[in-house]
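Trainee: Mind looking over this structure? Questions follow.
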Amino acid sequence: MSTVVTSAFPFVPATISLANMASTYVPADSYTRLLRLFGRDAVHVTGIDVHSQFVSTDGKTRDGSEAFCSQKCLEYQRAFESLNIQFDAIARTDETHHTEAVREALQVLLAHGAITQRQISVVRCDGCGAFPAPRLTESFDFARLGLEGDGHAGAEPRCPYCRAHQFSDVLSTHYFLVLEPYRNKLLAECERVVRVEAARPLIRSWLAEPLADWNISRDNSIGISLEPQLPGKSLYLWFESLIGYWSMARLAAANPKKFVHFFGQNILYYHAVVWPVLYGLCYGGGASDILAAVRGLVDKQRSDPELLDIDQAVRSYPPDYLRFYLVWSGTDGLTDVRLTRATLVDVVNGILCDSAGNLLRRLAVLLQKRARAGVQLSSEDELVQTFYKVLIPALLQAMDEALVGKCLRLILDYVSQLNRMMAAERLYEAESAAVNGRIAFMLATVLTLLSPFVPRLVEEYNIFVGWSPRSLADIMRAAECPLRQEVGLWKKLT
Ligand SMILES: [Zn+2]
């Protein structure tokens with residue numbers, strides 16, 4: 001049974017920036033790697049939503065949008081690769097395995113009586129008959145879809161598709177997911193689903209009032225069709241995205257048991273209110289199977305532009321420096337963060353290079369110099385005991401709450417402790433197989449624990465031949481490995 005770590009789906013035509021990497025993809029990727037370090041069966045999944053109304057050029061279908069969608073998908077793949085974000089499954093929402101899973105879920109909900117249908121008033125363009133979403137009529141980036149028009153049309157709403165400015169209110173039948181019957185259950189279980197305390201007052205305020213039915217249909221054929229029951233209508237993309245967590249998990253060949261969702265706080269309602277209801281009704285899962293690892297967003301206005309654009313950022317900085325910085329700066333809570341060059345330089349130079357990098361380099365060089373004296377590591381060593389009895393349980397506890405930033409801080413506290421120990425115990429002077437064993441243990445543990453955050457960088461200081469810092473279970477074996485003579489260097493930013 002797998003833990004399924006999910007990253008919120010990017011939706012075409014959105015652009016993925018380092019802000020999305022900070023709130024979602026880097027913490028999720030690091031978290032999955034952490035779980036695996038501890039021997040847990042974990043997969044990381046996401047999907048690419050291609051059913052947004054923003055993709056359509058006529059407001060009714062996806063005709064003619066394929067080239068644009070494929071280009072955006074490639075762009076997303078490149079963004080993920082540039083920061084070494086790995087997925088066990090990533091697929092588009094128009095792929096059959098996903099659309100079938102969504103239809104199955106819908107059937108279950110209909111059979112369960114969880115969906116009601118009724119007429120509502122919607123706004124139709126008199127010119128072309130499309131039903132543009134309100135924000136589409138007010139501000140729409142026409143050029144992005146290769147359409148003519150000036151976007152941001154000012155005071156007078158215009159149809160983004162035909163530019164008409166006459167609209168009519170018409171009655172239209174829609175599907176609604178009924179949420180109110182689950183309100184008390186959601187309230188009782190909200191602490192289990194959302195461990196981020198700062199998010200709970202908001203969730204409780206939503207749950208203090210009767211929950212409105214959730215409209216899951218749209219007046220177009222852009223998403224998954226609701227024919228024949230609702231002619232000319234399709235499913236709302238957010239319904240698909242949530243069910244997509246399940247369909248992508250199955251694509252990863254996982255037997256989904258526990259879901260840990262990484263996403264930014266602007267989509268908390270879907271994850272803390274709607275998804276637990278859907279998951280329970282469609283898949284029989286309970287609140288203990290869902291952890292909503294909501295995170296603050298990046299304050300783009302107060303961030304440096306070069307640190308938002310991924311291409312530009314990876315041209316200027318090693319990707320692992322960026323990964324480290326994003327996890328370190330991002331809170332495990334709802335506080336918004338600013339990405340600035342000044343803080344990046346401080347964090348990378350002061351913490352990553354000075355504190356961790358220097359320690360690793362000193363340990364590696366020291367071990368290379370005195371390996372002749374032999375390397376003997378005893379599991380009775382006090383440092384080994386403390387590592388397994390104090391640090392590991394603390395990390396496990398933080399992991400159970402998906403607190404990625406806290407895990408990194410615990411690991412860096414351990415690095416500081418080792419730095420102090422290097423000075424206090426004069427490891428430089430003492431030369432014995434037991435001291436060498438201790439040095440090997442320090443090196444192996446820090447490389448291993450940092451590997452989820454800076455997976456490529458740790459190899460610079462990995463001098464153990466035939467050993468890889470990818471599993472806690474492998475740490476004691478490092479001391480038995482031959483050593484290579486070269487050692488790298490994490491260079492400071494200037
Ligand atoms: Zn129109």
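Numbering starts fresh at 1 for the residues of each chain in the structure tokens, the chains themselves are lettered A, B, ... in the order given, and ligands are numbered from 1 as they appear.
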Can you tell me which residues come within 9 Å of ligand 1 when counting only C-alpha atoms and all ligand atoms, ideally as a count of residues only?
Mentor: 21
Trainee: Can you tell me which residues surround A:Val345 at a distance of at most 12 Å, considering only C-alpha atoms, apart from same-chain residues fewer than 3 positions away, and format the answer as an MDAnalysis selection string?
Mentor: chainID A and resid 307 316:317 321:322 324:325 329 339:342 348:354 491:494
Trainee: What would the file look like if the residues just selected were written as a PDB file, in the first residue's frame with C-alpha atoms?
Mentor:
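Now in selection-v6.pdb:
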```pdb
ATOM      1  CA  LEU A 307      13.498  34.427  -9.079  1.00  0.00           C
ATOM      2  CA  SER A 316      21.700  31.894 -12.863  1.00  0.00           C
ATOM      3  CA  TYR A 317      21.771  29.344 -10.034  1.00  0.00           C
ATOM      4  CA  TYR A 321      20.557  25.687  -4.598  1.00  0.00           C
ATOM      5  CA  LEU A 322      17.098  26.800  -5.690  1.00  0.00           C
ATOM      6  CA  PHE A 324      17.172  24.162  -0.944  1.00  0.00           C
ATOM      7  CA  TYR A 325      16.258  27.819  -0.830  1.00  0.00           C
ATOM      8  CA  SER A 329      12.176  29.841   2.854  1.00  0.00           C
ATOM      9  CA  LEU A 339      11.768  35.244  -3.133  1.00  0.00           C
ATOM     10  CA  THR A 340      14.694  37.620  -3.358  1.00  0.00           C
ATOM     11  CA  ARG A 341      18.266  37.320  -4.511  1.00  0.00           C
ATOM     12  CA  ALA A 342      19.488  38.700  -1.183  1.00  0.00           C
ATOM     13  CA  VAL A 348      22.728  29.240   0.190  1.00  0.00           C
ATOM     14  CA  ASN A 349      26.014  30.715   1.402  1.00  0.00           C
ATOM     15  CA  GLY A 350      25.361  30.800   5.127  1.00  0.00           C
ATOM     16  CA  ILE A 351      23.417  27.605   5.657  1.00  0.00           C
ATOM     17  CA  LEU A 352      23.932  25.285   2.732  1.00  0.00           C
ATOM     18  CA  CYS A 353      27.576  26.041   1.857  1.00  0.00           C
ATOM     19  CA  ASP A 354      29.042  27.277   5.159  1.00  0.00           C
ATOM     20  CA  LYS A 491      30.711  26.990  -4.347  1.00  0.00           C
ATOM     21  CA  LYS A 492      29.274  30.038  -2.663  1.00  0.00           C
ATOM     22  CA  LEU A 493      27.260  32.511  -4.674  1.00  0.00           C
ATOM     23  CA  THR A 494      28.979  35.804  -5.349  1.00  0.00           C
TER      24      THR A 494
END
```
Trainee: Identify, on the basis of only C-alpha atoms, every residue whose closest approach to A:Leu334 does not exceed 10 Å; exclude the query and any residue fewer than 3 positions from it along the same chain; express the result as a list in words.
Mentor: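 After dropping sequence-adjacent residues, the list is Ser23, Val196, Glu197, Ala198, Ala199, Gly264, Gln265, Val294, Arg295, Gly296, Leu297, Gly330, Thr331 and Val337 of chain A.
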Trainee: Counting only C-alpha atoms, what is within 12 Å of A:Gln229, bar same-chain residues fewer than 2 positions away, as a ChimeraX atom specification?
Mentor: /A:107,110,117,173-175,217,225-227,231-235
Trainee: Let me see the file: selected residues, C-alpha atoms, as a PDB file, in the first residue's frame.
Mentor:
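Okay, again_19.pdb is ready:
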```
ATOM      1  CA  GLN A 107     -21.899   7.395 -11.749  1.00  0.00           C
ATOM      2  CA  LEU A 110     -25.402   9.884  -9.039  1.00  0.00           C
ATOM      3  CA  GLN A 117     -29.796  18.890 -10.635  1.00  0.00           C
ATOM      4  CA  THR A 173     -29.845  22.876 -15.889  1.00  0.00           C
ATOM      5  CA  HIS A 174     -26.763  21.976 -13.874  1.00  0.00           C
ATOM      6  CA  TYR A 175     -25.379  19.192 -11.686  1.00  0.00           C
ATOM      7  CA  SER A 217     -21.134  21.357 -14.646  1.00  0.00           C
ATOM      8  CA  SER A 225     -19.083  15.599 -21.708  1.00  0.00           C
ATOM      9  CA  LEU A 226     -22.247  15.251 -19.640  1.00  0.00           C
ATOM     10  CA  GLU A 227     -24.257  14.103 -22.659  1.00  0.00           C
ATOM     11  CA  PRO A 231     -26.875  18.253 -23.520  1.00  0.00           C
ATOM     12  CA  GLY A 232     -24.126  20.711 -24.431  1.00  0.00           C
ATOM     13  CA  LYS A 233     -22.576  20.572 -20.964  1.00  0.00           C
ATOM     14  CA  SER A 234     -19.373  19.213 -19.526  1.00  0.00           C
ATOM     15  CA  LEU A 235     -17.810  18.703 -16.116  1.00  0.00           C
TER      16      LEU A 235
END
```
